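Peer 1: Just passing along the structure, written as structure tokens.
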Amino acid sequence: MNVSDAVATRRSVRSFTDQPVDREVLTRVLKKAQRSPSGGNTQPWNAVVLTGEPMQKLFTRVAKEFPKGRDVHAPEYNIYPPELDGEYEARRFGVGEALYEALGIPREDKMKRLMWFAENFRAFGAPVLMLIHTPKYMGPPQWSDIGMWLQTIGLLLREEGLDTCFQEAWAVYSPQIREVVEIPEDHIFFCGVAIGHRDPDASVNQFDVPRADISESIRWEGW
């Protein structure tokens with residue numbers, strides 16, 4: 001698989017099979033991903049890779065909180081800017097509606113939508129969950145470095161026939177995650193990454209996720 005194929009076939013997978021993931025494959029991918037760019041070679045990324053009983057322990061802990069709703073959400077950063085609007089908000093809303101349409105869950109069925117959202121906190125059935133954190137003093141440039149590292153991991157996993165879902169949703173349960181997973185107190189918790197083999201027959205893995213034309217974000221000068 002070349003890079004273009006990996007980019008074209010990567011998507012946020014929200015239904016995984018129970019096929020296990022080989023630790024040697026993950027190790028190989030993570031070693032390669034260390035070549036990701038970072039300002040000043042700071043390499044500000046840190047992660048805990050969970051599977052088996054430790055992962056299930058986290059799922060169980062968060063499941064106790066889920067029925068309490070948003071009152072217990074405590075992300076350590078704004079997952080979306082409060083002022084998000086215009087085409088940015090339209091894209092966010094649009095992909096959510098496309099997802100629920102693929103699942104056949106209408107907007108008025110709030111309970112079914114809520115129960116589907118709960119699947120985030122079972123990593124959509126993936127056998128591996130990676131939790132990402134970084135020192136609290138790191139700024140936007142270092143967060144962008146982490147993004148480049150995560151993208152590299154996602155593309156390398158595609159090369160290995162694996163898939164991912166980058167899950168900022170996990171941030172809402174940062175306190176509960178810290179109860180069962182060792183994350184340094186002076187680090188901020190960022191996101192989870194579900195890793196596994198996609199279920200090719202699941203409708204939630206097949207709906208179209210449109211991308212804006214580059215004319216909406218790119219300006220050319222001197223060409």
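Residue numbering restarts at 1 in every chain; chains get A, B, ... in the order shown in the structure tokens, and ligands count up from 1 in that same order.
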What lies within 10 Å of Leu58 (chain A) using only C-alpha atoms, ignoring chain neighbours under 4 positions off, as number ranges by chain?

Peer 2: A: 50, 53-54, 62-63, 121-122, 176-181

Peer 1: Can you write just those residues out, N, CA and C atoms, as a compact mmCIF listing (two decimals), in the first residue's frame?

Peer 2:
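Okay, this is what ended up in again-v4.txt:
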```
# COMPACT_ATOMS: atom_id res chain seq x y z
N LEU A 50 -3.71 0.10 25.81
CA LEU A 50 -4.49 -0.84 26.61
C LEU A 50 -5.09 -1.95 25.77
N GLU A 53 -7.78 -7.05 30.08
CA GLU A 53 -8.40 -6.69 31.36
C GLU A 53 -8.24 -5.21 31.71
N PRO A 54 -7.07 -4.59 31.53
CA PRO A 54 -6.97 -3.17 31.84
C PRO A 54 -7.93 -2.30 31.02
N VAL A 62 -16.07 3.85 33.30
CA VAL A 62 -16.76 4.91 32.58
C VAL A 62 -18.25 4.59 32.44
N ALA A 63 -18.59 3.31 32.30
CA ALA A 63 -20.00 2.91 32.18
C ALA A 63 -20.80 3.33 33.41
N PHE A 121 -17.30 4.66 24.28
CA PHE A 121 -16.60 4.31 25.52
C PHE A 121 -16.45 2.81 25.70
N ARG A 122 -16.67 2.10 24.59
CA ARG A 122 -16.26 0.71 24.45
C ARG A 122 -15.34 0.58 23.24
N GLN A 176 -12.12 10.04 35.47
CA GLN A 176 -12.34 8.60 35.62
C GLN A 176 -11.20 7.80 34.99
N ILE A 177 -10.71 8.28 33.85
CA ILE A 177 -9.57 7.62 33.21
C ILE A 177 -8.37 7.62 34.15
N ARG A 178 -8.13 8.75 34.79
CA ARG A 178 -6.99 8.87 35.69
C ARG A 178 -7.12 7.95 36.91
N GLU A 179 -8.34 7.57 37.27
CA GLU A 179 -8.54 6.66 38.39
C GLU A 179 -8.01 5.26 38.10
N VAL A 180 -8.07 4.85 36.83
CA VAL A 180 -7.73 3.46 36.50
C VAL A 180 -6.52 3.32 35.58
N VAL A 181 -6.06 4.43 35.02
CA VAL A 181 -4.88 4.41 34.15
C VAL A 181 -3.88 5.44 34.66
```

Peer 1: Just want the 12 Å neighbourhood of Lys31 (chain A), counted on only C-alpha atoms, with same-chain residues fewer than 4 positions away dropped. Output as number ranges by chain.

Peer 2: A: 24-27, 35-36, 149, 152-153, 156-157

Peer 1: CA of Gly161 (chain A) to CA of Arg14 (chain A): how many Å, to one decimal?

Peer 2: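 Interatomic distance, CA of Gly161 (chain A) to CA of Arg14 (chain A): 15.8 Å.
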
Peer 1: Just list the residues in region 49-215 of chain A DSSP gives alpha helix (DSSP H) on the backbone, as a PyMOL selection string.

Peer 2: chain A and resi 52-65+86-103+110-117+140-159+174-180

Peer 1: My list of candidates is A:Lys32, A:Arg211, A:His197, A:Lys110. Which is closest to Phe16 (chain A) when distances are computed with only C-alpha atoms?

Peer 2: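 Result for the nearest residue to Phe16 (chain A): A:His197.
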
Peer 1: Show which residues sit within 10 Å of region 140-142 of chain A, as number ranges by chain. Count only C-alpha atoms, and ignore same-chain residues fewer than 3 positions away.

Peer 2: A: 38-40, 42-45, 134-135, 137, 145-148

Peer 1: Could you write out, as an MDAnalysis selection string, all the residues of region 47-123 of chain A that DSSP marks as strand (DSSP E or B)?

Peer 2: chainID A and resid 47:50

Peer 1: Which of these, A:Phe189, A:Tyr80, A:Phe166, A:Trp116, has the shortest distance to Arg92 (chain A) once you count only C-alpha atoms?

Peer 2: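 Counting only C-alpha atoms, the residue closest to Arg92 (chain A) is A:Tyr80.
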
Peer 1: Taking into account only C-alpha atoms, which residue in the set A:Pro200, A:Gly104, A:Pro175, A:Pro20 is nearest to Pro75 (chain A)?

Peer 2: A:Pro175

Peer 1: Enter the distance from CA of Lys136 (chain A) to CA of Cys191 (chain A), in Å, rounded to one decimal.

Peer 2: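 Between these atoms lies a distance of 14.1 Å.
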
Peer 1: Pick out the residues sitting within 7 Å of Arg198 (chain A), and hand them over as a PyMOL selection string; count only C-alpha atoms, and ignore anything fewer than 2 positions along from it in its own chain.

Peer 2: chain A and resi 13+15-17+163+196+200

Peer 1: Which residues are close to Ser203 (chain A), i.e. within 9 Å by only C-alpha atoms, leaving aside same-chain residues fewer than 6 positions away? Reply as an mmCIF file with C-alpha atoms, in the first residue's frame.

Peer 2:
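Heads up, here's the output in selection.cif:
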```
data_model
loop_
_atom_site.group_PDB
_atom_site.id
_atom_site.type_symbol
_atom_site.label_atom_id
_atom_site.label_comp_id
_atom_site.auth_asym_id
_atom_site.auth_seq_id
_atom_site.Cartn_x
_atom_site.Cartn_y
_atom_site.Cartn_z
ATOM 1 C CA SER A 15 -17.322 -0.916 14.192
ATOM 2 C CA LEU A 99 -23.468 8.844 10.725
ATOM 3 C CA ALA A 102 -26.234 5.323 8.070
ATOM 4 C CA LEU A 103 -27.287 3.699 11.335
#
```

Peer 1: Have a look at A:Trp220, A:Phe117, A:Phe59, A:Phe124 and name the one nearest to Asp199 (chain A); count only C-alpha atoms.

Peer 2: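 That would be A:Phe124, the residue with the smallest distance to Asp199 (chain A).
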
Peer 1: Restricting the calculation to only C-alpha atoms, which member of A:Arg158, A:Arg107, A:Ile132, A:Tyr100 is positioned closest to Val29 (chain A)?

Peer 2: A:Arg158

Peer 1: Could you work out how far CA of Ile188 (chain A) lies from CA of Arg23 (chain A), giving the answer in Å with one decimal?

Peer 2: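 Interatomic distance, CA of Arg23 (chain A) to CA of Ile188 (chain A): 25.9 Å.
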
Peer 1: Point out the residue among A:Gly154, A:Gly222, A:Ile79, A:Glu97 with the least atom-to-atom distance to Arg113 (chain A), counting only C-alpha atoms.

Peer 2: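 With only C-alpha atoms as the atom set, the closest residue is A:Glu97.
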
Peer 1: Name all residues at most 12 Å from region 84-87 of chain A (count only C-alpha atoms; drop same-chain ones fewer than 6 positions away) and give them as a PyMOL selection string.

Peer 2: chain A and resi 78+93-94+211-212+216-217
